[in-house]
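The file model.cif comes next; it holds mmCIF, C-alpha atoms.
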```cif
data_final
#
loop_
_atom_site.label_atom_id
_atom_site.label_comp_id
_atom_site.auth_asym_id
_atom_site.auth_seq_id
_atom_site.Cartn_x
_atom_site.Cartn_y
_atom_site.Cartn_z
CA ILE A 26 148.55 96.13 -7.73
CA HIS A 27 148.25 92.59 -6.40
CA ASN A 28 150.64 93.40 -3.57
CA LEU A 29 148.71 96.56 -2.76
CA LEU A 30 145.43 94.65 -2.54
CA SER A 31 147.01 92.04 -0.30
CA TYR A 32 148.37 94.79 1.95
CA LEU A 33 144.97 96.46 2.18
CA SER A 34 143.31 93.13 3.01
CA PHE A 35 145.89 92.61 5.75
CA LEU A 36 145.17 96.05 7.19
CA LYS A 37 141.46 95.36 7.05
CA ILE A 38 141.90 92.10 8.93
CA LEU A 39 144.21 93.82 11.43
CA TYR A 40 141.64 96.57 11.92
CA MET A 41 138.87 94.01 12.57
CA ILE A 42 141.07 92.20 15.05
CA PHE A 43 141.76 95.49 16.81
CA ILE A 44 138.04 96.26 16.93
CA LEU A 45 137.28 92.80 18.36
CA ILE A 46 140.00 93.19 21.00
CA ALA A 47 138.64 96.61 21.91
CA ILE A 48 135.11 95.20 22.22
CA VAL A 49 136.36 92.34 24.41
CA ILE A 50 138.29 94.77 26.63
CA LEU A 51 135.28 97.07 26.95
CA PHE A 52 132.99 94.14 27.71
CA ALA A 53 135.43 92.84 30.31
CA LEU A 54 135.66 96.30 31.87
CA PHE A 55 131.87 96.63 31.88
CA LEU A 56 131.54 93.16 33.41
CA PHE A 57 134.14 94.05 36.06
CA LEU A 58 132.24 97.23 36.98
CA ILE A 59 128.97 95.33 37.16
CA LEU A 60 130.49 92.62 39.37
CA SER A 61 132.13 95.24 41.60
CA LYS A 62 128.83 97.04 42.00
CA PHE A 63 127.10 93.75 42.69
CA ARG A 64 129.67 92.86 45.38
CA THR A 65 129.27 96.31 46.93
CA LEU A 66 125.49 95.97 46.96
CA LYS A 67 125.80 92.47 48.37
CA LEU A 68 128.01 93.72 51.21
CA GLU A 69 125.63 96.60 51.91
CA TYR A 70 122.71 94.19 51.95
CA LYS A 71 124.60 91.91 54.34
CA LYS A 72 125.35 94.85 56.66
CA LEU A 73 121.73 96.03 56.59
CA ASN A 74 120.50 92.51 57.27
CA GLU A 75 122.93 92.13 60.18
CA ARG A 76 121.80 95.46 61.63
CA PHE A 77 118.17 94.47 61.13
CA GLU A 78 118.73 91.19 62.98
CA ALA A 79 120.73 92.96 65.71
CA ILE A 80 117.94 95.49 66.28
CA GLN A 81 115.42 92.67 66.60
CA ASP A 82 117.69 90.71 68.92
CA LEU A 83 118.45 93.67 71.19
CA SER A 84 114.81 94.76 71.36
CA PHE A 85 113.51 91.17 71.69
CA THR A 86 111.30 91.83 68.67
CA GLY A 87 110.58 89.65 65.63
CA TYR A 88 109.44 90.82 62.19
CA PHE A 89 107.07 89.34 59.61
CA ASP A 90 105.28 90.40 56.44
CA GLY A 91 103.07 88.84 53.79
CA ASN A 92 100.83 89.55 50.79
CA LEU A 93 97.10 89.04 50.44
CA ASN A 94 97.25 87.06 47.22
CA ASP A 95 99.10 84.03 48.65
CA ASP A 96 99.87 82.13 51.85
CA ASP A 97 103.58 83.01 51.83
CA ILE A 98 105.10 84.87 54.75
CA TYR A 99 108.51 86.35 55.59
CA TRP A 100 109.47 85.15 59.08
CA SER A 101 112.57 86.58 60.79
CA VAL A 102 115.06 84.47 62.75
CA GLN A 103 114.21 86.36 65.96
CA LEU A 104 110.65 85.05 65.74
CA ASN A 105 112.02 81.52 66.02
CA LYS A 106 113.62 82.52 69.33
CA ILE A 107 110.41 84.13 70.59
CA PHE A 108 108.32 81.06 69.74
CA GLY A 109 110.92 78.62 71.07
CA LEU A 110 111.71 77.17 67.63
CA LYS A 111 115.08 75.95 66.38
CA PRO A 112 117.07 78.69 64.57
CA ASP A 113 116.90 76.87 61.24
CA THR A 114 113.14 76.30 61.39
CA LYS A 115 111.36 77.61 58.29
CA ILE A 116 107.96 79.20 58.83
CA ASN A 117 107.06 80.19 55.29
CA SER A 118 103.25 80.27 55.38
CA LYS A 119 100.58 82.12 57.32
CA THR A 120 98.86 78.81 58.06
CA LYS A 121 101.97 77.49 59.84
CA SER A 122 102.35 80.70 61.85
CA PHE A 123 98.73 80.53 63.06
CA GLU A 124 99.35 77.02 64.40
CA LEU A 125 101.87 78.46 66.88
CA ILE A 126 99.19 80.54 68.66
CA HIS A 127 97.47 79.11 71.73
CA PRO A 128 94.29 77.27 70.63
CA ASP A 129 92.12 79.44 72.89
CA ASP A 130 93.47 82.66 71.32
CA LYS A 131 93.92 81.66 67.68
CA GLU A 132 90.36 82.32 66.52
CA ASP A 133 90.27 85.82 68.04
CA TYR A 134 93.73 86.56 66.59
CA ILE A 135 92.68 85.62 63.05
CA LYS A 136 89.39 87.50 63.37
CA LYS A 137 91.19 90.66 64.52
CA LEU A 138 93.70 90.25 61.69
CA GLN A 139 90.94 89.97 59.09
CA GLU A 140 89.34 93.17 60.41
CA THR A 141 92.66 94.99 59.98
CA LEU A 142 93.07 93.74 56.41
CA LYS A 143 89.52 94.86 55.67
CA THR A 144 89.54 98.28 57.35
CA GLY A 145 93.23 99.25 57.42
CA VAL A 146 93.08 99.98 61.16
CA PRO A 147 96.46 99.17 62.80
CA PHE A 148 96.55 95.72 64.39
CA GLU A 149 97.41 95.19 68.07
CA PHE A 150 96.69 91.96 69.87
CA ASP A 151 97.93 90.25 73.05
CA TYR A 152 97.80 86.48 73.08
CA ARG A 153 99.37 83.32 74.44
CA ILE A 154 101.61 80.73 72.91
CA ILE A 155 102.97 77.40 74.09
CA THR A 156 106.72 77.52 73.48
CA GLN A 157 107.97 74.66 71.34
CA ASP A 158 111.20 74.14 73.32
CA LYS A 159 109.99 74.44 76.93
CA ASN A 160 106.28 73.69 76.49
CA GLU A 161 105.48 76.74 78.61
CA ILE A 162 102.77 79.37 78.20
CA GLU A 163 104.14 82.81 77.34
CA PHE A 164 102.46 86.10 76.47
CA LEU A 165 103.12 87.93 73.20
CA ARG A 166 101.95 91.13 71.54
CA THR A 167 101.73 91.63 67.80
CA ASN A 168 101.57 95.10 66.23
CA ALA A 169 101.04 95.35 62.49
CA LYS A 170 100.10 97.76 59.70
CA VAL A 171 98.69 97.10 56.25
CA ILE A 172 100.70 97.59 53.05
CA TYR A 173 99.17 99.72 50.28
CA ASP A 174 99.89 99.75 46.55
CA ASN A 175 100.12 102.87 44.38
CA ASN A 176 96.34 102.92 44.04
CA ASN A 177 95.86 102.89 47.82
CA ASN A 178 94.59 99.30 47.80
CA ILE A 179 95.53 97.00 50.69
CA ILE A 180 97.88 94.33 49.36
CA GLY A 181 99.50 92.92 52.49
CA LEU A 182 100.60 93.28 56.08
CA ARG A 183 103.84 93.80 57.96
CA GLY A 184 104.30 93.64 61.70
CA ALA A 185 106.40 92.99 64.79
CA VAL A 186 106.07 90.56 67.69
CA ARG A 187 107.29 91.15 71.24
CA ASN A 188 107.42 88.87 74.25
CA LEU A 189 105.47 90.34 77.19
CA THR A 190 105.93 87.41 79.59
CA LYS A 191 108.50 89.06 81.88
CA LYS A 192 106.55 92.32 81.93
CA LYS A 193 103.32 90.54 82.80
CA LYS A 194 105.02 88.58 85.58
CA ILE A 195 106.42 91.80 87.07
CA ILE A 196 102.98 93.42 86.91
CA GLN A 197 101.42 90.36 88.55
CA GLU A 198 104.02 90.41 91.33
CA LEU A 199 103.54 94.15 91.88
CA THR A 200 99.76 93.74 91.94
CA LYS A 201 100.08 90.90 94.42
CA SER A 202 102.44 92.96 96.58
CA LEU A 203 100.12 95.98 96.51
CA LYS A 204 97.15 93.85 97.49
CA GLN A 205 99.14 92.40 100.39
CA GLN A 206 100.14 95.88 101.52
CA GLU A 207 96.58 97.14 101.25
CA SER A 208 95.37 94.14 103.22
CA LEU A 209 97.99 94.78 105.90
CA LEU A 210 97.25 98.51 106.08
CA SER A 211 93.51 97.91 106.28
CA ASN A 212 94.09 96.13 109.61
CA ILE A 213 95.96 99.07 111.09
CA ASP A 214 93.85 101.51 113.09
CA ASP A 215 96.13 104.45 112.40
CA LEU A 216 96.47 106.88 109.57
CA VAL A 217 99.34 105.88 107.29
CA PHE A 218 101.21 108.33 105.07
CA ILE A 219 103.88 107.45 102.48
CA MET A 220 106.58 110.08 102.13
CA ASP A 221 109.43 109.73 99.62
CA GLU A 222 113.12 110.28 100.37
CA ARG A 223 112.83 113.96 99.40
CA GLY A 224 110.02 114.66 101.87
CA TYR A 225 107.07 114.66 99.46
CA PHE A 226 103.84 112.97 100.53
CA ARG A 227 102.89 110.41 97.83
CA GLU A 228 100.12 108.25 99.32
CA TYR A 229 97.96 107.86 102.38
CA PHE A 230 95.69 105.19 103.84
CA ASN A 231 92.70 106.18 105.94
CA HIS A 232 90.29 103.26 105.94
CA LEU A 233 88.73 104.42 109.23
CA LYS A 234 87.90 107.81 107.66
CA ILE A 235 89.72 109.78 110.36
CA LYS A 236 89.35 113.52 109.83
CA LEU A 237 92.43 114.96 108.18
CA PHE A 238 94.18 118.16 109.13
CA VAL A 239 94.07 119.29 105.48
CA PRO A 240 92.33 117.79 102.39
CA PRO A 241 94.34 115.29 100.31
CA ASP A 242 94.79 117.68 97.38
CA GLU A 243 96.61 120.06 99.73
CA PHE A 244 99.28 117.56 100.83
CA LEU A 245 99.64 114.86 98.15
CA ASP A 246 102.70 115.44 95.95
CA LYS A 247 103.70 118.33 98.21
CA HIS A 248 106.67 118.72 100.55
CA TYR A 249 105.77 118.45 104.22
CA THR A 250 107.15 121.95 104.85
CA GLU A 251 104.47 123.35 102.52
CA PHE A 252 101.43 122.47 104.63
CA LEU A 253 102.36 121.28 108.16
CA PRO A 254 102.51 123.69 111.11
CA GLU A 255 106.02 124.84 111.96
CA PHE A 256 106.22 123.00 115.30
CA ILE A 257 105.36 119.69 113.56
CA ILE A 258 107.85 120.43 110.76
CA ASP A 259 110.63 120.82 113.35
CA LYS A 260 109.80 117.52 115.08
CA LEU A 261 109.39 115.59 111.81
CA THR A 262 112.64 117.01 110.38
CA GLU A 263 114.57 115.94 113.48
CA VAL A 264 113.17 112.39 113.35
CA VAL A 265 113.82 112.06 109.61
CA ASN A 266 117.41 113.26 110.00
CA ASN A 267 118.00 110.72 112.79
CA ILE A 268 116.55 107.90 110.66
CA ASN A 269 118.67 108.87 107.65
CA SER A 270 121.84 108.99 109.74
CA SER A 271 121.61 105.92 111.95
CA GLU A 272 118.21 104.73 113.09
CA ASP A 273 115.53 102.60 111.43
CA SER A 274 112.59 104.38 113.04
CA GLY A 275 111.58 107.18 115.34
CA GLN A 276 108.56 108.89 116.85
CA PHE A 277 107.27 112.11 118.33
CA GLU A 278 104.11 113.44 119.90
CA TYR A 279 102.14 116.64 119.41
CA TYR A 280 98.75 118.12 120.04
CA ILE A 281 96.66 120.39 117.89
CA GLU A 282 93.37 122.22 118.14
CA GLN A 283 90.67 121.29 115.66
CA GLU A 284 87.20 122.82 115.74
CA GLY A 285 87.65 124.01 119.30
CA GLU A 286 88.95 120.70 120.66
CA ILE A 287 92.45 119.57 121.54
CA TYR A 288 93.66 116.36 119.88
CA PHE A 289 96.80 114.46 120.91
CA TYR A 290 98.74 112.42 118.36
CA ASN A 291 101.68 110.06 118.35
CA VAL A 292 103.65 109.88 115.09
CA ARG A 293 105.81 106.86 114.26
CA VAL A 294 108.22 107.19 111.34
CA SER A 295 110.06 104.30 109.73
CA LYS A 296 111.88 103.56 106.48
CA TYR A 297 109.89 102.12 103.64
CA ASP A 298 111.48 100.30 100.68
#
```
Please, can you express the file's structure as C-alpha coordinates?
Amino acid sequence: IHNLLSYLSFLKILYMIFILIAIVILFALFLFLILSKFRTLKLEYKKLNERFEAIQDLSFTGYFDGNLNDDDIYWSVQLNKIFGLKPDTKINSKTKSFELIHPDDKEDYIKKLQETLKTGVPFEFDYRIITQDKNEIEFLRTNAKVIYDNNNNIIGLRGAVRNLTKKKKIIQELTKSLKQQESLLSNIDDLVFIMDERGYFREYFNHLKIKLFVPPDEFLDKHYTEFLPEFIIDKLTEVVNNINSSEDSGQFEYYIEQEGEIYFYNVRVSKYD
(Lines of atoms letter the chains of each structure in order from A and count residues from 1; the text may use other names and numbers.)
(Lines give C-alpha, C1' and ligand atoms only; values in the text may rest on other atoms or scores of the structure.)
Protein backbone atom coordinates (compact mmCIF):
# COMPACT_ATOMS: atom_id res chain seq x y z
CA ILE A 1 0.00 0.00 0.00
CA HIS A 2 2.81 2.38 0.89
CA ASN A 3 4.46 1.76 -2.48
CA LEU A 4 1.16 2.32 -4.26
CA LEU A 5 0.64 5.66 -2.53
CA SER A 6 4.17 6.74 -3.39
CA TYR A 7 3.58 5.78 -7.02
CA LEU A 8 0.33 7.74 -7.14
CA SER A 9 2.03 10.79 -5.59
CA PHE A 10 4.74 10.52 -8.23
CA LEU A 11 2.15 10.40 -11.01
CA LYS A 12 0.37 13.37 -9.51
CA ILE A 13 3.58 15.37 -9.42
CA LEU A 14 4.41 14.26 -12.97
CA TYR A 15 0.94 15.30 -14.11
CA MET A 16 1.33 18.76 -12.52
CA ILE A 17 4.71 19.16 -14.16
CA PHE A 18 3.17 18.22 -17.50
CA ILE A 19 0.36 20.74 -16.98
CA LEU A 20 2.87 23.48 -16.09
CA ILE A 21 4.97 22.69 -19.17
CA ALA A 22 1.86 22.77 -21.33
CA ILE A 23 0.84 26.14 -19.87
CA VAL A 24 4.34 27.54 -20.46
CA ILE A 25 4.33 26.27 -24.05
CA LEU A 26 0.87 27.73 -24.70
CA PHE A 27 1.87 31.04 -23.13
CA ALA A 28 5.05 31.13 -25.21
CA LEU A 29 3.05 30.35 -28.35
CA PHE A 30 0.50 33.04 -27.48
CA LEU A 31 3.30 35.52 -26.79
CA PHE A 32 4.96 34.61 -30.11
CA LEU A 33 1.70 35.20 -32.00
CA ILE A 34 1.17 38.52 -30.24
CA LEU A 35 4.72 39.66 -31.01
CA SER A 36 4.39 38.54 -34.63
CA LYS A 37 1.15 40.45 -34.99
CA PHE A 38 2.75 43.47 -33.33
CA ARG A 39 5.72 43.33 -35.73
CA THR A 40 3.34 43.03 -38.69
CA LEU A 41 1.31 45.99 -37.49
CA LYS A 42 4.48 47.95 -36.86
CA LEU A 43 5.69 47.29 -40.41
CA GLU A 44 2.30 48.23 -41.84
CA TYR A 45 2.32 51.42 -39.80
CA LYS A 46 5.83 52.21 -41.03
CA LYS A 47 4.75 51.66 -44.66
CA LEU A 48 1.65 53.83 -44.22
CA ASN A 49 3.70 56.55 -42.57
CA GLU A 50 6.28 56.43 -45.38
CA ARG A 51 3.52 56.66 -47.99
CA PHE A 52 1.90 59.50 -46.06
CA GLU A 53 5.20 61.42 -45.97
CA ALA A 54 5.85 60.64 -49.65
CA ILE A 55 2.44 61.97 -50.68
CA GLN A 56 3.09 65.17 -48.75
CA ASP A 57 6.57 65.52 -50.21
CA LEU A 58 5.47 64.92 -53.80
CA SER A 59 2.49 67.27 -53.51
CA PHE A 60 4.46 69.90 -51.52
CA THR A 61 1.79 69.67 -48.83
CA GLY A 62 2.12 69.51 -45.05
CA TYR A 63 -0.41 68.06 -42.58
CA PHE A 64 -1.47 69.07 -39.07
CA ASP A 65 -4.23 68.30 -36.59
CA GLY A 66 -5.16 69.19 -33.04
CA ASN A 67 -7.88 68.99 -30.37
CA LEU A 68 -9.88 71.80 -28.80
CA ASN A 69 -9.21 70.80 -25.20
CA ASP A 70 -5.43 71.42 -25.27
CA ASP A 71 -2.66 73.32 -27.05
CA ASP A 72 -1.06 70.19 -28.52
CA ILE A 73 -0.70 69.83 -32.27
CA TYR A 74 0.51 67.13 -34.66
CA TRP A 75 2.95 68.74 -37.10
CA SER A 76 4.26 66.75 -40.08
CA VAL A 77 7.89 66.80 -41.24
CA GLN A 78 6.86 68.34 -44.57
CA LEU A 79 5.61 71.41 -42.72
CA ASN A 80 9.14 71.99 -41.46
CA LYS A 81 10.29 72.13 -45.09
CA ILE A 82 7.50 74.52 -46.07
CA PHE A 83 8.26 76.90 -43.19
CA GLY A 84 12.03 76.67 -43.69
CA LEU A 85 12.62 74.87 -40.38
CA LYS A 86 15.23 72.21 -39.66
CA PRO A 87 13.91 68.64 -40.20
CA ASP A 88 14.23 67.77 -36.51
CA THR A 89 12.41 70.88 -35.29
CA LYS A 90 9.48 70.03 -33.01
CA ILE A 91 6.38 72.19 -33.35
CA ASN A 92 4.11 70.59 -30.77
CA SER A 93 1.76 73.43 -29.83
CA LYS A 94 -0.70 75.68 -31.64
CA THR A 95 0.91 78.71 -30.01
CA LYS A 96 4.29 77.88 -31.60
CA SER A 97 2.69 77.33 -35.01
CA PHE A 98 0.95 80.73 -34.90
CA GLU A 99 4.31 82.42 -34.29
CA LEU A 100 5.47 81.26 -37.74
CA ILE A 101 2.79 83.33 -39.53
CA HIS A 102 3.65 86.81 -40.76
CA PRO A 103 2.78 89.36 -38.04
CA ASP A 104 0.48 91.26 -40.39
CA ASP A 105 -1.53 88.11 -41.20
CA LYS A 106 -1.53 86.27 -37.87
CA GLU A 107 -4.51 88.04 -36.31
CA ASP A 108 -6.74 87.45 -39.36
CA TYR A 109 -5.59 83.82 -39.53
CA ILE A 110 -6.51 83.13 -35.91
CA LYS A 111 -9.82 84.96 -36.24
CA LYS A 112 -10.76 82.93 -39.33
CA LEU A 113 -9.72 79.74 -37.54
CA GLN A 114 -11.91 80.54 -34.54
CA GLU A 115 -14.89 81.11 -36.85
CA THR A 116 -14.34 77.66 -38.38
CA LEU A 117 -14.16 75.99 -34.96
CA LYS A 118 -17.36 77.78 -33.98
CA THR A 119 -19.42 77.23 -37.14
CA GLY A 120 -17.87 74.13 -38.72
CA VAL A 121 -17.46 75.91 -42.07
CA PRO A 122 -14.34 74.59 -43.90
CA PHE A 123 -11.29 76.78 -43.38
CA GLU A 124 -9.35 78.30 -46.29
CA PHE A 125 -6.88 81.11 -45.84
CA ASP A 126 -3.98 82.57 -47.83
CA TYR A 127 -1.24 84.24 -45.83
CA ARG A 128 2.44 85.09 -45.69
CA ILE A 129 5.31 83.69 -43.71
CA ILE A 130 8.94 84.67 -43.27
CA THR A 131 10.96 81.51 -43.89
CA GLN A 132 13.25 80.64 -41.01
CA ASP A 133 16.15 79.50 -43.20
CA LYS A 134 16.20 82.17 -45.94
CA ASN A 135 14.37 85.00 -44.16
CA GLU A 136 12.21 85.46 -47.26
CA ILE A 137 8.49 86.17 -47.57
CA GLU A 138 6.53 83.28 -49.06
CA PHE A 139 2.82 82.71 -49.64
CA LEU A 140 0.96 79.74 -48.16
CA ARG A 141 -2.60 78.43 -48.20
CA THR A 142 -4.15 76.41 -45.39
CA ASN A 143 -7.26 74.28 -45.92
CA ALA A 144 -8.81 72.60 -42.89
CA LYS A 145 -11.94 70.84 -41.66
CA VAL A 146 -13.27 70.34 -38.16
CA ILE A 147 -13.31 66.96 -36.40
CA TYR A 148 -16.59 65.77 -34.88
CA ASP A 149 -17.21 63.25 -32.10
CA ASN A 150 -19.99 60.65 -32.06
CA ASN A 151 -22.43 63.26 -30.77
CA ASN A 152 -21.64 65.62 -33.66
CA ASN A 153 -19.76 68.03 -31.40
CA ILE A 154 -16.67 69.81 -32.77
CA ILE A 155 -13.63 68.46 -30.94
CA GLY A 156 -10.73 69.48 -33.15
CA LEU A 157 -9.32 70.41 -36.54
CA ARG A 158 -7.21 68.77 -39.21
CA GLY A 159 -5.77 70.46 -42.26
CA ALA A 160 -3.15 70.80 -44.97
CA VAL A 161 -0.74 73.57 -45.93
CA ARG A 162 0.55 74.29 -49.43
CA ASN A 163 3.17 76.72 -50.69
CA LEU A 164 1.71 79.11 -53.29
CA THR A 165 4.83 81.24 -53.80
CA LYS A 166 5.81 79.85 -57.22
CA LYS A 167 2.22 79.98 -58.44
CA LYS A 168 1.81 83.58 -57.30
CA LYS A 169 5.08 84.59 -58.97
CA ILE A 170 3.96 82.99 -62.25
CA ILE A 171 0.61 84.80 -62.03
CA GLN A 172 2.39 88.09 -61.31
CA GLU A 173 4.71 87.59 -64.28
CA LEU A 174 1.79 86.70 -66.57
CA THR A 175 -0.19 89.71 -65.36
CA LYS A 176 2.81 91.95 -65.93
CA SER A 177 3.32 90.49 -69.41
CA LEU A 178 -0.36 90.92 -70.31
CA LYS A 179 -0.31 94.53 -69.15
CA GLN A 180 2.79 95.17 -71.26
CA GLN A 181 1.13 93.58 -74.28
CA GLU A 182 -2.06 95.57 -73.75
CA SER A 183 -0.01 98.75 -73.42
CA LEU A 184 1.85 97.94 -76.64
CA LEU A 185 -1.32 97.05 -78.54
CA SER A 186 -3.09 100.18 -77.35
CA ASN A 187 -0.49 102.25 -79.25
CA ILE A 188 -1.13 100.41 -82.51
CA ASP A 189 -3.66 102.03 -84.82
CA ASP A 190 -4.65 98.75 -86.44
CA LEU A 191 -7.04 96.01 -85.54
CA VAL A 192 -5.18 93.09 -83.98
CA PHE A 193 -6.48 89.52 -84.00
CA ILE A 194 -4.92 86.54 -82.19
CA MET A 195 -5.33 83.26 -84.04
CA ASP A 196 -4.03 79.97 -82.62
CA GLU A 197 -1.98 77.39 -84.55
CA ARG A 198 -5.16 75.57 -85.62
CA GLY A 199 -6.71 78.67 -87.20
CA TYR A 200 -9.18 79.60 -84.45
CA PHE A 201 -9.59 83.27 -83.53
CA ARG A 202 -9.01 83.61 -79.74
CA GLU A 203 -8.69 87.33 -79.04
CA TYR A 204 -8.86 90.72 -80.70
CA PHE A 205 -7.85 94.28 -79.83
CA ASN A 206 -9.83 97.19 -81.22
CA HIS A 207 -9.13 100.19 -79.01
CA LEU A 208 -10.02 102.61 -81.84
CA LYS A 209 -13.48 101.00 -82.14
CA ILE A 210 -13.09 100.25 -85.85
CA LYS A 211 -16.23 98.71 -87.29
CA LEU A 212 -15.88 94.95 -87.57
CA PHE A 213 -16.94 92.83 -90.51
CA VAL A 214 -18.86 90.52 -88.14
CA PRO A 215 -19.66 90.81 -84.39
CA PRO A 216 -17.16 89.25 -81.96
CA ASP A 217 -19.47 86.39 -80.98
CA GLU A 218 -19.48 85.29 -84.63
CA PHE A 219 -15.69 84.92 -84.93
CA LEU A 220 -14.21 84.36 -81.45
CA ASP A 221 -13.39 80.69 -80.84
CA LYS A 222 -14.30 79.93 -84.45
CA HIS A 223 -12.14 78.80 -87.36
CA TYR A 224 -11.45 81.51 -89.91
CA THR A 225 -13.04 79.38 -92.65
CA GLU A 226 -16.36 79.56 -90.77
CA PHE A 227 -16.97 83.30 -91.17
CA LEU A 228 -14.54 84.96 -93.63
CA PRO A 229 -15.41 85.40 -97.32
CA GLU A 230 -13.89 82.76 -99.57
CA PHE A 231 -11.47 85.13 -101.34
CA ILE A 232 -10.02 86.22 -97.97
CA ILE A 233 -9.84 82.59 -96.79
CA ASP A 234 -7.71 81.72 -99.84
CA LYS A 235 -5.29 84.61 -99.26
CA LEU A 236 -5.01 83.99 -95.50
CA THR A 237 -4.49 80.24 -96.00
CA GLU A 238 -1.65 80.88 -98.46
CA VAL A 239 0.10 83.31 -96.09
CA VAL A 240 -0.31 81.00 -93.09
CA ASN A 241 1.10 78.04 -95.03
CA ASN A 242 4.12 80.12 -96.09
CA ILE A 243 4.74 81.23 -92.50
CA ASN A 244 4.47 77.68 -91.18
CA SER A 245 6.90 76.37 -93.79
CA SER A 246 9.65 78.97 -93.89
CA GLU A 247 8.78 82.59 -93.23
CA ASP A 248 8.27 84.58 -90.04
CA SER A 249 5.61 86.89 -91.46
CA GLY A 250 3.55 87.69 -94.51
CA GLN A 251 0.86 90.03 -95.79
CA PHE A 252 -1.90 90.43 -98.32
CA GLU A 253 -4.38 93.06 -99.42
CA TYR A 254 -8.09 92.95 -100.17
CA TYR A 255 -11.08 95.19 -100.51
CA ILE A 256 -14.64 94.68 -99.41
CA GLU A 257 -17.93 96.50 -99.67
CA GLN A 258 -19.57 97.59 -96.44
CA GLU A 259 -22.81 99.58 -96.35
CA GLY A 260 -22.42 100.63 -99.97
CA GLU A 261 -18.79 101.74 -99.67
CA ILE A 262 -15.58 100.07 -100.75
CA TYR A 263 -12.92 99.62 -98.05
CA PHE A 264 -9.31 98.60 -98.75
CA TYR A 265 -7.32 96.66 -96.16
CA ASN A 266 -3.78 95.45 -95.71
CA VAL A 267 -3.36 92.35 -93.54
CA ARG A 268 -0.03 91.55 -91.88
CA VAL A 269 0.38 88.08 -90.37
CA SER A 270 3.20 87.06 -88.06
CA LYS A 271 3.96 84.30 -85.56
CA TYR A 272 3.02 84.88 -81.97
CA ASP A 273 4.52 82.89 -79.07
Q: Using all atoms listed in the file, collect all residues at a distance of at most 9 Å from (107.8, 90.7, 66.5) as written in the file, then present them as JSON, numbers by chain.
A: {"A": [81, 85, 86, 87, 88, 89, 101, 103, 104, 107, 165, 166, 167, 168, 184, 185, 186, 187, 188]}
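Residue membership of the PyMOL selection byres ((chain A and resi 130-140) around 9) in the shown file amounts to A:Phe123, A:Glu124, A:Leu125, A:Ile126, A:His127, A:Pro128, A:Asp129, A:Thr141, A:Leu142, A:Lys143, A:Thr144, A:Gly145, A:Val146, A:Phe148, A:Glu149, A:Phe150, A:Asp151, A:Tyr152, A:Arg153, A:Ile154, A:Ala169.
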Q. For the atom pair atom CA of A:Asn267 and atom CA of A:Glu251, what is the interatomic distance in Å to one decimal place?
A. 21.2 Å
(Q) Would you compute the distance between atom CA of A:Thr114 and atom CA of A:Leu68? Give it in Å to one decimal. (A)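 Between these atoms lies a distance of 25.1 Å.
For the residues A:Ile44, A:Leu216, A:Val294, A:Val239, ranking by smallest atom-to-atom distance to A:Thr262 using all atoms listed in the file places A:Val294 first.
Running the PyMOL selection byres ((chain A and resi 297) around 9) on this file leaves A:Ile219, A:Met220, A:Asp221, A:Ser295, A:Lys296, A:Asp298 selected.
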Q: For A:Leu237, list every protein, DNA or RNA residue within 12 Å, evaluated using all atoms listed in the file, and leave out those in the same chain fewer than 5 positions away; present the list as a list in words.
A: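 The residues satisfying every condition are Asp215, Leu216, Val217, Phe218, Tyr229, Phe230, Asn231, Asp242, Glu243, Phe244, Leu253, Ile281, Gln283 and Tyr288 of chain A.
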Q. If the PyMOL selection byres ((chain A and resi 293) around 8) is run on the structure shown, which residues does it catch, given as a VMD selection string?
A. chain A and resid 274 to 277 291 to 292 294 to 295
